[in-house]
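What follows is a short report on a single structure.
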Amino acid sequence: MTDARGTAAEEATEAAAEETAVYTHGHHESVLRSHRWRTAENSAAYLIGELRPGMRVLDVGCGPGTITVDLAGLVAPGGHVTAVDAAEDVLEQARAYAAERGLGDVVSFATADVHALDFPDDSFDVVHAHQVLQHVGDPVRALREMRRVCRPGGIVAARDADYAAMTWYPAAPGLDDWLDLYRRVARANGGEPDAGRHLRAWARRAGFTDVASSASAWCFATPEETAWWSALWADRTRASAYAAIATGGGHTTDAELTAIAAAWRTWGTDPDAWFSVLNAEILCRA
């Protein structure tokens, strides 16, 4: 009876976590501006060596599809990528991009919830998720589901940033305020903004025993890069779903968001500006 009660309680906790999780960023143009910058080379290099023509790949949380389409090119000819996201509107952009790249026949798109993927067991050779697990209500459950749809001997791959490990120069109190606020809002939404450091532990809790861990960084160091990075975060701070969630949840005020956005823009004009985003990665053998 104890085991049964424990299992029921665990399932109830997982269901509650799933229901309360909210995607912090939303799909405002300022968010997609950064998502469209991502490629397999700059965001999935740790996985590229595992891909071969003919493979079946599931890309979870594909967003506008720039990484997805790169993965499709790596498994063609003969392979196929199934790309899923919770938001149908962003999938339309992904479909258009795949067609533009001439890979529309190698990729198919669908809406899906990573906690309950609508695919049979052992459907894919590789299951990939980029910057997804930090936003879900139960990342361990998500990884179990990713493992379920991956064939024995296949690869489950995930990469997530670690917000607390982000660093920049020169010092800017407004950016300190941004980081503190973002982490509070993300956690209130049911996510874990410092997901990177948890990936290995989550994978082991999900039942993986063969887990290769690594890390890599995005670095914005030229005047053009820091101007781009600071502008998109200034815009996100004022105009994305994050802004509405932050104020609506009582975490901040419009005036404070305006000050943080201004700090981002000021920092981005400094000729010495430099920003690094640490990303953790896992390759799990199913």
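Residue numbers start at 1 in each chain; chains themselves are named A, B, ... in the order of the structure tokens; ligands are numbered from 1 in the order shown.
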
Which of stretch 144-227 of chain A fall in helix (DSSP H, G or I), as number ranges by chain: A: 144-148, 163-165, 173-188, 195-205, 223-227

Do a neighbour search on A:Gly104 at 9 Å with only C-alpha atoms, toss out local chain neighbours closer than 5 positions, and write the hits as a count of residues only. 6

What are the closest atom pairs, with distances in Å to one decimal, for all residues of stretch 123-146 of chain A lying within 9 Å of stretch 49-68 of chain A? Consider only C-alpha atoms, order rows by chain and residue number, and present the result as JSON lines.
```
{"residue": "A:Ser123", "atom": "CA", "partner": "A:Arg56", "partner_atom": "CA", "distance": 7.8}
{"residue": "A:Phe124", "atom": "CA", "partner": "A:Arg56", "partner_atom": "CA", "distance": 5.1}
{"residue": "A:Asp125", "atom": "CA", "partner": "A:Arg56", "partner_atom": "CA", "distance": 5.3}
{"residue": "A:Val126", "atom": "CA", "partner": "A:Val57", "partner_atom": "CA", "distance": 4.8}
{"residue": "A:Val127", "atom": "CA", "partner": "A:Leu58", "partner_atom": "CA", "distance": 4.7}
{"residue": "A:His128", "atom": "CA", "partner": "A:Asp59", "partner_atom": "CA", "distance": 4.9}
{"residue": "A:Ala129", "atom": "CA", "partner": "A:Val60", "partner_atom": "CA", "distance": 4.9}
{"residue": "A:His130", "atom": "CA", "partner": "A:Gly61", "partner_atom": "CA", "distance": 7.0}
{"residue": "A:Gln131", "atom": "CA", "partner": "A:Gly61", "partner_atom": "CA", "distance": 8.0}
{"residue": "A:Val132", "atom": "CA", "partner": "A:Gly61", "partner_atom": "CA", "distance": 6.2}
{"residue": "A:Met146", "atom": "CA", "partner": "A:Val60", "partner_atom": "CA", "distance": 8.8}
```

Produce a file of the selected residues containing N, CA and C atoms, as a PDB file, in the first residue's frame.
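Written output follows (out_39.pdb):
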```pdb
ATOM      1  N   SER A 123      10.505   4.902 -31.552  1.00  0.00           N
ATOM      2  CA  SER A 123      10.205   5.459 -32.878  1.00  0.00           C
ATOM      3  C   SER A 123      11.390   6.152 -33.543  1.00  0.00           C
ATOM      4  N   PHE A 124      12.382   6.594 -32.754  1.00  0.00           N
ATOM      5  CA  PHE A 124      13.416   7.470 -33.303  1.00  0.00           C
ATOM      6  C   PHE A 124      14.816   6.982 -32.927  1.00  0.00           C
ATOM      7  N   ASP A 125      15.764   7.311 -33.789  1.00  0.00           N
ATOM      8  CA  ASP A 125      17.167   7.029 -33.501  1.00  0.00           C
ATOM      9  C   ASP A 125      17.767   8.087 -32.574  1.00  0.00           C
ATOM     10  N   VAL A 126      17.305   9.317 -32.726  1.00  0.00           N
ATOM     11  CA  VAL A 126      17.805  10.443 -31.921  1.00  0.00           C
ATOM     12  C   VAL A 126      16.614  11.297 -31.502  1.00  0.00           C
ATOM     13  N   VAL A 127      16.584  11.690 -30.232  1.00  0.00           N
ATOM     14  CA  VAL A 127      15.583  12.623 -29.724  1.00  0.00           C
ATOM     15  C   VAL A 127      16.335  13.812 -29.144  1.00  0.00           C
ATOM     16  N   HIS A 128      16.037  15.007 -29.654  1.00  0.00           N
ATOM     17  CA  HIS A 128      16.824  16.199 -29.335  1.00  0.00           C
ATOM     18  C   HIS A 128      15.923  17.297 -28.773  1.00  0.00           C
ATOM     19  N   ALA A 129      16.433  18.008 -27.773  1.00  0.00           N
ATOM     20  CA  ALA A 129      15.705  19.153 -27.216  1.00  0.00           C
ATOM     21  C   ALA A 129      16.707  20.253 -26.886  1.00  0.00           C
ATOM     22  N   HIS A 130      16.486  21.429 -27.452  1.00  0.00           N
ATOM     23  CA  HIS A 130      17.385  22.558 -27.206  1.00  0.00           C
ATOM     24  C   HIS A 130      16.654  23.665 -26.452  1.00  0.00           C
ATOM     25  N   GLN A 131      17.162  24.013 -25.269  1.00  0.00           N
ATOM     26  CA  GLN A 131      16.591  25.061 -24.424  1.00  0.00           C
ATOM     27  C   GLN A 131      15.113  24.785 -24.126  1.00  0.00           C
ATOM     28  N   VAL A 132      14.805  23.528 -23.831  1.00  0.00           N
ATOM     29  CA  VAL A 132      13.436  23.118 -23.542  1.00  0.00           C
ATOM     30  C   VAL A 132      13.241  22.754 -22.073  1.00  0.00           C
ATOM     31  N   MET A 146      11.054  11.237 -23.558  1.00  0.00           N
ATOM     32  CA  MET A 146      11.989  11.264 -24.673  1.00  0.00           C
ATOM     33  C   MET A 146      12.701   9.914 -24.808  1.00  0.00           C
TER      34      MET A 146
END
```

Taking 4 positions as the minimum chain separation for residues in the same chain, which residues sit within 8 Å of A:Thr167 when counting only C-alpha atoms? Answer as a PyMOL selection string. chain A and resi 275-277

Distance of atom CA of A:Pro170 from atom CA of A:Thr266, expressed in Å to one decimal place: 10.9 Å

Let me make sure I understand: among A:His135, A:Arg159, A:Arg147, A:His198, which one has the smallest atom-to-atom distance to A:Ala215 if we use only C-alpha atoms? A:Arg159
